[in-house]
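J.: So here's input.txt, just compact mmCIF, C-alpha atoms:
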```txt
# COMPACT_ATOMS: atom_id res chain seq x y z
CA MET A 15 0.00 0.00 0.00
CA GLU A 16 1.33 3.42 -0.95
CA SER A 17 2.16 5.59 2.04
CA SER A 18 0.27 8.85 2.48
CA GLY A 19 2.92 10.26 4.80
CA HIS A 20 3.68 13.07 2.36
CA LEU A 21 0.30 14.58 3.24
CA ARG A 22 1.56 15.35 6.72
CA SER A 23 3.48 18.32 5.33
CA CYS A 24 0.28 19.90 4.00
CA ARG A 25 0.02 23.41 5.40
CA ALA A 26 -3.15 25.02 6.70
CA PRO A 27 -4.35 28.19 5.00
CA VAL A 28 -2.77 31.29 6.52
CA PRO A 29 -5.80 33.64 6.58
CA GLY A 30 -8.72 33.17 8.93
CA PHE A 31 -8.54 31.17 12.12
CA ARG A 32 -8.71 27.65 13.46
CA ILE A 33 -11.01 25.83 15.86
CA ALA A 34 -9.84 22.60 17.47
CA THR A 35 -12.40 20.06 18.63
CA ILE A 36 -12.62 16.77 20.46
CA ASP A 37 -15.24 14.47 18.97
CA MET A 38 -17.07 11.90 21.08
CA HIS A 39 -20.22 9.84 20.98
CA THR A 40 -22.64 8.64 23.64
CA GLY A 41 -24.67 5.66 22.53
CA GLY A 42 -23.97 6.67 18.93
CA GLU A 43 -25.05 10.30 19.33
CA PRO A 44 -22.21 12.65 18.27
CA LEU A 45 -20.73 15.40 20.37
CA ARG A 46 -18.25 17.94 19.02
CA ILE A 47 -16.54 19.76 21.89
CA LEU A 48 -14.83 23.05 21.08
CA SER A 49 -11.42 22.63 22.71
CA ALA A 50 -9.22 25.47 21.37
CA GLY A 51 -9.39 28.59 19.22
CA LEU A 52 -12.69 29.89 20.58
CA PRO A 53 -12.79 33.68 20.97
CA THR A 54 -13.36 35.05 24.47
CA LEU A 55 -16.99 34.91 25.52
CA GLU A 56 -18.24 37.80 27.61
CA GLY A 57 -20.55 37.13 30.53
CA ARG A 58 -20.47 35.59 33.98
CA SER A 59 -23.35 33.12 33.79
CA VAL A 60 -23.81 30.33 31.28
CA HIS A 61 -26.89 32.16 29.97
CA GLU A 62 -24.87 35.31 29.34
CA LYS A 63 -22.08 33.36 27.59
CA ARG A 64 -24.54 31.47 25.41
CA ARG A 65 -26.29 34.71 24.48
CA TYR A 66 -22.96 36.37 23.60
CA PHE A 67 -21.92 33.37 21.48
CA ARG A 68 -25.30 33.38 19.70
CA ASP A 69 -25.15 37.12 18.99
CA HIS A 70 -21.49 37.25 17.88
CA TYR A 71 -20.33 33.79 16.84
CA ASP A 72 -23.34 31.92 15.53
CA HIS A 73 -21.40 31.40 12.29
CA LEU A 74 -19.14 29.08 14.31
CA ARG A 75 -22.17 27.00 15.30
CA THR A 76 -23.31 26.69 11.69
CA GLY A 77 -19.75 26.25 10.46
CA LEU A 78 -19.06 23.37 12.86
CA MET A 79 -22.49 21.73 12.97
CA TRP A 80 -23.51 22.03 9.30
CA GLU A 81 -21.82 20.73 6.18
CA PRO A 82 -19.07 20.53 5.02
CA ARG A 83 -17.52 20.15 8.51
CA GLY A 84 -20.58 18.53 10.08
CA HIS A 85 -23.97 17.20 9.04
CA ALA A 86 -27.69 17.65 9.73
CA ASP A 87 -27.53 15.61 12.96
CA MET A 88 -24.29 16.99 14.43
CA TYR A 89 -24.34 18.22 18.03
CA GLY A 90 -21.87 20.43 19.88
CA ALA A 91 -20.82 21.73 23.28
CA VAL A 92 -18.98 24.87 24.37
CA VAL A 93 -17.16 24.44 27.69
CA THR A 94 -15.95 27.47 29.66
CA PRO A 95 -14.64 28.13 33.17
CA SER A 96 -17.21 28.71 35.90
CA THR A 97 -17.34 30.86 39.01
CA ASP A 98 -19.30 28.33 41.10
CA ALA A 99 -18.99 24.93 39.36
CA ASP A 100 -16.27 22.98 37.59
CA PHE A 101 -17.55 24.12 34.19
CA ASP A 102 -20.16 26.23 32.46
CA VAL A 103 -21.48 24.39 29.39
CA PHE A 104 -23.95 25.23 26.67
CA PHE A 105 -25.05 23.15 23.71
CA MET A 106 -25.72 23.70 20.01
CA HIS A 107 -27.26 21.86 17.08
CA ASN A 108 -28.55 22.35 13.54
CA GLU A 109 -31.27 24.82 14.57
CA GLY A 110 -29.71 26.76 17.43
CA TYR A 111 -29.08 26.12 21.11
CA SER A 112 -30.56 23.68 23.62
CA THR A 113 -31.18 24.00 27.33
CA MET A 114 -29.86 20.67 28.58
CA CYS A 115 -28.16 17.66 26.99
CA GLY A 116 -27.71 14.40 28.87
CA HIS A 117 -25.60 12.65 26.24
CA ALA A 118 -23.21 15.63 26.25
CA ILE A 119 -22.90 15.58 30.06
CA LEU A 120 -22.09 11.85 29.98
CA ALA A 121 -19.46 12.45 27.30
CA LEU A 122 -17.91 15.45 29.08
CA THR A 123 -17.81 13.54 32.37
CA THR A 124 -16.08 10.63 30.64
CA LEU A 125 -13.57 12.97 29.01
CA ALA A 126 -12.83 14.85 32.22
CA ALA A 127 -12.37 11.64 34.20
CA GLU A 128 -10.20 9.87 31.63
CA SER A 129 -8.22 12.62 29.93
CA GLY A 130 -8.94 15.86 31.77
CA LEU A 131 -10.43 19.13 30.62
CA SER A 132 -8.63 22.45 30.74
CA GLY A 133 -8.33 23.78 34.28
CA TYR A 134 -10.10 20.83 35.87
CA GLN A 135 -8.70 19.24 39.02
CA PRO A 136 -10.63 16.00 39.62
CA ARG A 137 -12.37 15.59 42.96
CA VAL A 138 -11.83 11.94 43.79
CA ASP A 139 -13.79 10.17 46.54
CA ASN A 140 -13.11 6.67 47.89
CA GLY A 141 -10.00 6.37 45.76
CA SER A 142 -11.70 6.05 42.36
CA GLU A 143 -14.92 8.06 42.12
CA VAL A 144 -14.59 11.34 40.23
CA ARG A 145 -17.20 14.04 40.82
CA ILE A 146 -17.82 16.93 38.41
CA SER A 147 -20.30 19.81 38.48
CA PHE A 148 -21.68 21.63 35.45
CA ASN A 149 -23.76 24.76 35.08
CA VAL A 150 -25.97 24.38 32.01
CA PRO A 151 -28.81 26.65 30.85
CA ALA A 152 -31.35 24.44 32.64
CA GLY A 153 -29.52 24.56 35.99
CA ARG A 154 -26.79 22.76 37.93
CA ILE A 155 -25.82 19.19 37.09
CA GLU A 156 -23.81 16.91 39.36
CA ALA A 157 -22.01 14.08 37.55
CA SER A 158 -19.75 11.25 38.62
CA ALA A 159 -17.69 8.40 37.21
CA ARG A 160 -15.66 5.53 38.64
CA LEU A 161 -12.14 5.15 37.26
CA GLU A 162 -10.99 1.61 36.58
CA ASN A 163 -7.58 1.19 34.93
CA GLY A 164 -7.87 4.67 33.49
CA LYS A 165 -11.33 4.10 31.99
CA ALA A 166 -14.49 5.81 33.16
CA CYS A 167 -17.14 3.37 34.39
CA ASP A 168 -20.57 3.87 35.95
CA VAL A 169 -20.80 7.36 34.42
CA CYS A 170 -23.97 9.12 35.53
CA PHE A 171 -25.42 12.50 36.43
CA ARG A 172 -28.22 13.88 38.57
CA ASN A 173 -30.43 16.03 36.43
CA VAL A 174 -32.47 19.11 37.22
CA PRO A 175 -35.98 18.59 38.68
CA SER A 176 -38.12 16.88 36.05
CA PHE A 177 -41.90 17.03 35.93
CA VAL A 178 -45.06 16.42 33.92
CA TYR A 179 -46.27 19.65 32.34
CA LEU A 180 -49.36 18.46 30.43
CA LYS A 181 -51.03 15.09 30.87
CA ASP A 182 -53.36 13.14 28.59
CA ARG A 183 -53.87 15.73 25.86
CA GLU A 184 -54.91 15.32 22.24
CA VAL A 185 -54.20 17.30 19.09
CA GLU A 186 -55.29 16.94 15.49
CA VAL A 187 -52.27 16.77 13.21
CA PRO A 188 -52.89 17.16 9.45
CA GLY A 189 -51.90 14.03 7.59
CA ILE A 190 -51.61 12.03 10.82
CA GLY A 191 -54.92 12.39 12.65
CA ARG A 192 -55.64 12.50 16.37
CA VAL A 193 -52.49 12.22 18.46
CA HIS A 194 -52.59 11.48 22.18
CA LEU A 195 -49.66 12.95 24.09
CA ASP A 196 -48.15 14.15 27.32
CA VAL A 197 -45.65 16.99 27.72
CA ALA A 198 -42.89 16.51 30.29
CA TYR A 199 -39.71 18.35 31.23
CA GLY A 200 -36.30 16.81 31.86
CA GLY A 201 -34.14 19.88 31.28
CA ALA A 202 -36.08 20.51 28.06
CA PHE A 203 -39.75 20.12 27.18
CA TYR A 204 -40.84 17.13 25.10
CA ALA A 205 -44.10 15.90 23.63
CA LEU A 206 -44.25 12.20 24.56
CA VAL A 207 -46.21 10.07 22.09
CA GLU A 208 -46.79 6.33 21.87
CA ALA A 209 -45.63 5.07 18.48
CA ALA A 210 -47.97 2.08 18.02
CA PRO A 211 -51.25 4.02 17.62
CA LEU A 212 -49.56 5.96 14.79
CA HIS A 213 -48.34 2.72 13.17
CA LEU A 214 -44.74 3.81 13.62
CA GLU A 215 -41.88 1.38 14.15
CA LEU A 216 -38.94 2.70 16.15
CA THR A 217 -36.23 1.35 13.85
CA PRO A 218 -33.60 2.95 11.59
CA GLN A 219 -35.54 1.87 8.49
CA ASN A 220 -38.33 4.28 9.49
CA VAL A 221 -36.16 7.27 10.34
CA ASN A 222 -37.53 9.54 7.59
CA ARG A 223 -41.12 8.91 8.65
CA LEU A 224 -40.19 9.47 12.29
CA ILE A 225 -38.61 12.80 11.38
CA ASP A 226 -41.69 13.83 9.39
CA TYR A 227 -44.13 12.89 12.16
CA GLY A 228 -41.91 14.34 14.87
CA ARG A 229 -41.67 17.70 13.15
CA ARG A 230 -45.40 17.94 12.47
CA ILE A 231 -46.43 16.93 15.97
CA LYS A 232 -43.96 19.35 17.55
CA GLN A 233 -45.29 22.26 15.50
CA ILE A 234 -48.94 21.54 16.30
CA VAL A 235 -48.31 21.01 20.02
CA ALA A 236 -46.19 24.18 20.27
CA ASN A 237 -48.99 26.15 18.64
CA ALA A 238 -51.77 24.53 20.66
CA PHE A 239 -50.31 24.90 24.16
CA ALA A 240 -48.32 27.59 25.93
CA ILE A 241 -45.04 26.02 27.06
CA GLU A 242 -43.81 27.95 30.08
CA HIS A 243 -40.94 27.05 32.39
CA PRO A 244 -41.78 27.92 36.02
CA PHE A 245 -38.80 30.25 36.44
CA ASP A 246 -36.95 30.91 33.17
CA ARG A 247 -38.38 32.32 29.94
CA ASP A 248 -35.30 31.17 28.01
CA LEU A 249 -36.35 27.56 28.71
CA SER A 250 -39.98 28.05 27.72
CA PHE A 251 -40.27 26.21 24.41
CA LEU A 252 -41.01 22.73 23.11
CA TYR A 253 -37.69 21.12 22.16
CA GLY A 254 -38.80 17.88 20.53
CA THR A 255 -41.07 14.89 20.12
CA ILE A 256 -40.27 11.55 21.73
CA PHE A 257 -41.90 8.43 20.35
CA THR A 258 -42.11 5.52 22.80
CA GLY A 259 -42.68 1.81 22.35
CA PRO A 260 -41.63 -1.66 23.49
CA SER A 261 -37.96 -2.57 23.56
CA LEU A 262 -36.53 -4.99 21.04
CA ALA A 263 -34.41 -6.62 23.76
CA ALA A 264 -36.35 -8.33 26.53
CA ALA A 265 -33.93 -7.11 29.20
CA TYR A 266 -34.89 -3.46 28.74
CA HIS A 267 -37.88 -1.42 29.82
CA SER A 268 -38.75 0.20 26.48
CA ARG A 269 -37.44 1.98 23.41
CA ASN A 270 -37.77 5.63 22.41
CA VAL A 271 -36.79 7.88 19.53
CA CYS A 272 -36.31 11.60 20.05
CA VAL A 273 -36.76 14.00 17.12
CA PHE A 274 -35.54 17.44 18.19
CA ALA A 275 -34.38 20.82 16.87
CA ASP A 276 -34.93 20.91 13.07
CA GLY A 277 -35.62 17.22 12.52
CA GLU A 278 -32.51 15.88 14.26
CA VAL A 279 -32.78 12.26 15.39
CA ASP A 280 -30.99 11.34 18.60
CA ARG A 281 -28.99 8.15 18.14
CA SER A 282 -28.88 7.75 21.91
CA ALA A 283 -31.84 7.24 24.23
CA THR A 284 -31.65 11.00 25.11
CA GLY A 285 -30.60 11.93 28.65
CA SER A 286 -33.06 14.77 29.12
CA GLY A 287 -35.69 12.67 27.34
CA VAL A 288 -35.42 9.66 29.66
CA SER A 289 -35.55 12.14 32.56
CA ALA A 290 -38.86 13.48 31.22
CA ARG A 291 -40.08 9.92 30.80
CA ALA A 292 -39.09 9.03 34.36
CA ALA A 293 -41.15 11.97 35.63
CA LEU A 294 -44.15 10.79 33.60
CA HIS A 295 -43.86 7.14 34.67
CA TYR A 296 -43.50 8.22 38.29
CA ALA A 297 -46.59 10.45 38.07
CA ARG A 298 -48.56 7.55 36.61
CA GLY A 299 -47.46 5.18 39.37
CA GLU A 300 -45.47 3.09 36.88
CA LEU A 301 -42.06 3.82 38.41
CA ARG A 302 -41.21 3.73 42.10
CA LEU A 303 -38.77 5.98 43.89
CA LYS A 304 -35.20 4.60 43.62
CA GLU A 305 -36.27 2.24 40.83
CA LYS A 306 -34.01 2.10 37.77
CA ILE A 307 -35.10 1.35 34.22
CA THR A 308 -33.04 0.97 31.04
CA ILE A 309 -34.26 2.45 27.77
CA GLU A 310 -33.16 1.63 24.22
CA SER A 311 -32.45 4.11 21.43
CA ILE A 312 -33.25 3.80 17.74
CA ILE A 313 -29.96 1.94 17.19
CA GLY A 314 -30.23 -0.25 20.29
CA SER A 315 -27.81 1.65 22.53
CA VAL A 316 -29.09 2.26 26.06
CA MET A 317 -29.31 4.72 28.92
CA SER A 318 -30.51 4.03 32.44
CA VAL A 319 -32.63 6.36 34.53
CA LYS A 320 -33.55 6.21 38.21
CA THR A 321 -35.78 8.52 40.26
CA VAL A 322 -33.52 9.25 43.21
CA GLU A 323 -35.85 11.62 45.06
CA SER A 324 -39.11 13.51 44.78
CA SER A 325 -39.36 17.29 45.06
CA LYS A 326 -41.41 20.34 44.19
CA PHE A 327 -40.47 22.62 41.33
CA GLY A 328 -42.62 25.70 41.43
CA MET A 329 -46.21 24.41 41.32
CA TYR A 330 -45.17 21.02 39.90
CA ASP A 331 -44.52 17.71 41.61
CA ALA A 332 -41.09 16.71 40.36
CA VAL A 333 -38.44 14.03 40.60
CA ILE A 334 -34.65 14.18 40.49
CA PRO A 335 -33.55 11.65 37.84
CA GLU A 336 -30.15 9.98 37.77
CA VAL A 337 -29.12 9.09 34.22
CA GLY A 338 -26.36 6.68 33.25
CA GLY A 339 -24.71 5.86 29.93
CA THR A 340 -21.47 5.17 28.08
CA ALA A 341 -19.40 7.55 25.96
CA PHE A 342 -16.21 7.28 23.92
CA MET A 343 -13.72 9.68 22.37
CA ILE A 344 -13.51 9.10 18.63
CA GLY A 345 -11.10 11.77 17.43
CA ARG A 346 -9.58 15.22 17.42
CA ASN A 347 -10.04 17.76 14.65
CA GLU A 348 -8.64 21.12 13.62
CA PHE A 349 -11.01 23.09 11.41
CA TYR A 350 -10.03 26.11 9.33
CA PHE A 351 -12.21 29.14 8.63
CA ASP A 352 -10.84 30.89 5.54
CA PRO A 353 -12.44 34.32 4.86
CA GLN A 354 -12.19 33.62 1.11
CA ASP A 355 -14.33 30.49 1.45
CA ALA A 356 -17.90 31.40 0.48
CA LEU A 357 -19.15 28.30 2.32
CA SER A 358 -17.15 28.90 5.50
CA ALA A 359 -20.29 29.40 7.62
CA GLY A 360 -21.67 26.08 6.38
CA PHE A 361 -24.83 24.90 4.70
CA ILE A 362 -27.36 22.20 5.47
CA LEU A 363 -29.17 19.68 3.28
CA ARG A 364 -31.64 17.15 4.63
```
In structure tokens, write the structure found in this file.
T.:
Amino acid sequence: MESSGHLRSCRAPVPGFRIATIDMHTGGEPLRILSAGLPTLEGRSVHEKRRYFRDHYDHLRTGLMWEPRGHADMYGAVVTPSTDADFDVFFMHNEGYSTMCGHAILALTTLAAESGLSGYQPRVDNGSEVRISFNVPAGRIEASARLENGKACDVCFRNVPSFVYLKDREVEVPGIGRVHLDVAYGGAFYALVEAAPLHLELTPQNVNRLIDYGRRIKQIVANAFAIEHPFDRDLSFLYGTIFTGPSLAAAYHSRNVCVFADGEVDRSATGSGVSARAALHYARGELRLKEKITIESIIGSVMSVKTVESSKFGMYDAVIPEVGGTAFMIGRNEFYFDPQDALSAGFILR
């Protein structure tokens, strides 16, 4: 085989600037972490930093999430120092910015435990358990992992209070018909819909139909009901549709597929989504306190969720979910933004 070593001497374009990333996946769902080259973000809180990034550097989101550097289902995280946690983190995708992301927290916890993140000094309990705190737009997240021979095991996080927002509602969706749903919050608001009554199968072969139905249901539900977070207007919107159904593996509780943002399909079981589901199952009496269930994704990867305690969140009865999953680093990248490149800010095709 001919060696390609001569390509190593290829020089990057001089004009413009570079962004370095670490790429990971959690249960198959990608995460692109901006690791170097990011301009300074003004603001003290994670909300202020996200707002500054959105107002001044949204072309970096589109440039890194969209083609040609990314794709329609890419997902990203911006990690910055924090005044009262280990990190401030906000998340981005093909449409904009999300409020909470469980698969990203699992990936970042794995990365911090195994390889470290800039400025992080691990807090280790009992010789092997690493604890990490994150401020995200939805609130404070406490995560942990157990180190075994340098690998992160038993990675999990305690999410923000999760609750049922609307229960047993129906909407008429053109081209679909009557859709029964619940709306629940697990760091983001989701419309939860059983797949079987819609004759949907939660498999990769049906991904285009799932995207179509997910988009249409989300739009109708968002227009039909006011979605209001108890304390934060920035969190007051419907993020996605989650279709639920039986698991394909007998050992697991169920399967779900989350369609979020502009028709993105989560390859993982969705950390904020299983938190919303845990709140709904608990409210229905289908899940006991301290009980753990394991939920499949569209590709068969899994996340676990356990209701560790009950609480009140404003006027809502809530639970604190603990979500577990597995993440892996898959590469490092250095991306160039050349001012002469007309497609530098990216484009998207579905």
J.: Given all atoms listed in the file as the basis, pick out the residue of A:Val279, A:Cys272, A:Ala356, A:Leu74 nearest to A:Ile256.
T.: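 Smallest distance to A:Ile256 is found for A:Cys272.
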J.: Would you mind listing, for every residue of stretch 98-208 of chain A within 12 Å of stretch 31-50 of chain A, the two atoms forming the shortest contact and the distance between them in Å to one decimal, using only C-alpha atoms, sorted by chain and ascending residue number, as JSON lines?
T.:
```
{"residue": "A:Val103", "atom": "CA", "partner": "A:Ile47", "partner_atom": "CA", "distance": 10.1}
{"residue": "A:Phe104", "atom": "CA", "partner": "A:Ile47", "partner_atom": "CA", "distance": 10.4}
{"residue": "A:Phe105", "atom": "CA", "partner": "A:Ile47", "partner_atom": "CA", "distance": 9.3}
{"residue": "A:Met106", "atom": "CA", "partner": "A:Arg46", "partner_atom": "CA", "distance": 9.5}
{"residue": "A:His107", "atom": "CA", "partner": "A:Leu45", "partner_atom": "CA", "distance": 9.8}
{"residue": "A:Cys115", "atom": "CA", "partner": "A:Leu45", "partner_atom": "CA", "distance": 10.2}
{"residue": "A:Gly116", "atom": "CA", "partner": "A:Thr40", "partner_atom": "CA", "distance": 9.3}
{"residue": "A:His117", "atom": "CA", "partner": "A:Thr40", "partner_atom": "CA", "distance": 5.6}
{"residue": "A:Ala118", "atom": "CA", "partner": "A:Leu45", "partner_atom": "CA", "distance": 6.4}
{"residue": "A:Ile119", "atom": "CA", "partner": "A:Thr40", "partner_atom": "CA", "distance": 9.5}
{"residue": "A:Leu120", "atom": "CA", "partner": "A:Thr40", "partner_atom": "CA", "distance": 7.1}
{"residue": "A:Ala121", "atom": "CA", "partner": "A:Thr40", "partner_atom": "CA", "distance": 6.2}
{"residue": "A:Leu122", "atom": "CA", "partner": "A:Ile47", "partner_atom": "CA", "distance": 8.5}
{"residue": "A:Thr123", "atom": "CA", "partner": "A:Thr40", "partner_atom": "CA", "distance": 11.1}
{"residue": "A:Thr124", "atom": "CA", "partner": "A:Met38", "partner_atom": "CA", "distance": 9.7}
{"residue": "A:Leu125", "atom": "CA", "partner": "A:Met38", "partner_atom": "CA", "distance": 8.7}
{"residue": "A:Ala126", "atom": "CA", "partner": "A:Ile36", "partner_atom": "CA", "distance": 11.9}
{"residue": "A:Ser129", "atom": "CA", "partner": "A:Ile36", "partner_atom": "CA", "distance": 11.2}
{"residue": "A:Gly130", "atom": "CA", "partner": "A:Ser49", "partner_atom": "CA", "distance": 11.6}
{"residue": "A:Leu131", "atom": "CA", "partner": "A:Ser49", "partner_atom": "CA", "distance": 8.7}
{"residue": "A:Ser132", "atom": "CA", "partner": "A:Ser49", "partner_atom": "CA", "distance": 8.5}
{"residue": "A:Val169", "atom": "CA", "partner": "A:Thr40", "partner_atom": "CA", "distance": 11.0}
{"residue": "A:Cys170", "atom": "CA", "partner": "A:Thr40", "partner_atom": "CA", "distance": 12.0}
```
J.: Could you state the separation of atom CA of A:Gly259 and atom CA of A:Tyr89 in Å, given to one decimal place?
T.: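 Separation of atom CA of A:Gly259 and atom CA of A:Tyr89: 25.0 Å.
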J.: Which value, in Å to one decimal, gives the distance between atom CA of A:Arg183 and atom CA of A:Leu303?
T.: 25.5 Å
J.: With all atoms listed in the file as the counted atoms, please give the residues lying no more than 8 Å from A:Arg291, apart from itself and same-chain residues fewer than 3 positions off, as a ChimeraX atom specification.
T.: /A:198,200,206,287-288,294-295
J.: Please compute the atom CA of A:Ser315-atom CA of A:Glu128 distance, one decimal, in Å.
T.: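 Rounded to one decimal, the two atoms are 21.5 Å apart.
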J.: For A:Leu224, please output as JSON, numbers by chain all residues within 12 Å (counting all atoms listed in the file; exclusion window: fewer than 3 positions along the same chain).
T.: {"A": [190, 207, 209, 212, 213, 214, 215, 216, 217, 218, 219, 220, 221, 227, 228, 229, 230, 231, 232, 254, 255, 256, 257, 258, 270, 271, 272, 273, 274, 277, 278, 279, 280, 312]}
J.: Contacts between stretch 239-253 of chain A and stretch 267-357 of chain A, please, where a residue of stretch 267-357 of chain A counts if it comes within 8 Å (with all atoms listed in the file); show its shortest atom pair and distance in Å to one decimal, rows by chain and ascending number, as JSON lines.
T.:
```
{"residue": "A:Phe274", "atom": "CA", "partner": "A:Tyr253", "partner_atom": "CA", "distance": 5.8}
{"residue": "A:Ala275", "atom": "CA", "partner": "A:Tyr253", "partner_atom": "CA", "distance": 6.2}
{"residue": "A:Phe327", "atom": "CA", "partner": "A:Pro244", "partner_atom": "CA", "distance": 7.6}
{"residue": "A:Gly328", "atom": "CA", "partner": "A:Pro244", "partner_atom": "CA", "distance": 5.9}
{"residue": "A:Met329", "atom": "CA", "partner": "A:Pro244", "partner_atom": "CA", "distance": 7.7}
```
J.: At a cut-off of 10 Å around the point (-31.8, 26.4, 15.3) (file coordinates), what residues fall inside when counting only C-alpha atoms? I'd like the answer as a VMD selection string.
T.: chain A and resid 75 to 76 106 to 112 275 to 276
J.: Around the point (-27.6, -1.9, 19.8) (coordinates from the file), which residues reach within 12 Å if we count all atoms listed in the file? Answer as a PyMOL selection string.
T.: chain A and resi 41-42+217-218+261-263+266+269+281-283+309-317
J.: Return the single residue from A:Gly77, A:Pro335, A:Gly360, A:Gly30 that is closest to A:Ser286, with distances computed using only C-alpha atoms.
T.: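 So, comparing all the options, the nearest one is A:Pro335.
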J.: Closest to A:Phe351 among A:Lys304, A:His73, A:Lys326, A:Arg68, using all atoms listed in the file?
T.: A:His73
J.: Which residues are near A:Leu195? Cut-off 9 Å, only C-alpha atoms, ignore same chain within fewer than 6 positions. Put them as an mmCIF file with C-alpha atoms, keeping the file's coordinate frame.
T.:
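Written output follows (out.cif):
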```
data_model
loop_
_atom_site.group_PDB
_atom_site.id
_atom_site.type_symbol
_atom_site.label_atom_id
_atom_site.label_comp_id
_atom_site.auth_asym_id
_atom_site.auth_seq_id
_atom_site.Cartn_x
_atom_site.Cartn_y
_atom_site.Cartn_z
ATOM 1 C CA LEU A 180 -49.360 18.460 30.430
ATOM 2 C CA LYS A 181 -51.030 15.090 30.870
ATOM 3 C CA ASP A 182 -53.360 13.140 28.590
ATOM 4 C CA ARG A 183 -53.870 15.730 25.860
ATOM 5 C CA GLU A 184 -54.910 15.320 22.240
ATOM 6 C CA VAL A 185 -54.200 17.300 19.090
ATOM 7 C CA ALA A 205 -44.100 15.900 23.630
ATOM 8 C CA LEU A 206 -44.250 12.200 24.560
ATOM 9 C CA VAL A 207 -46.210 10.070 22.090
ATOM 10 C CA GLU A 208 -46.790 6.330 21.870
#
```
J.: Excluding same-chain residues fewer than 2 positions from A:Thr97, what lies within 8 Å of it counting all atoms listed in the file, as a list in words?
T.: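 Non-adjacent residues within range: Arg58, Pro95 and Ala99 of chain A.
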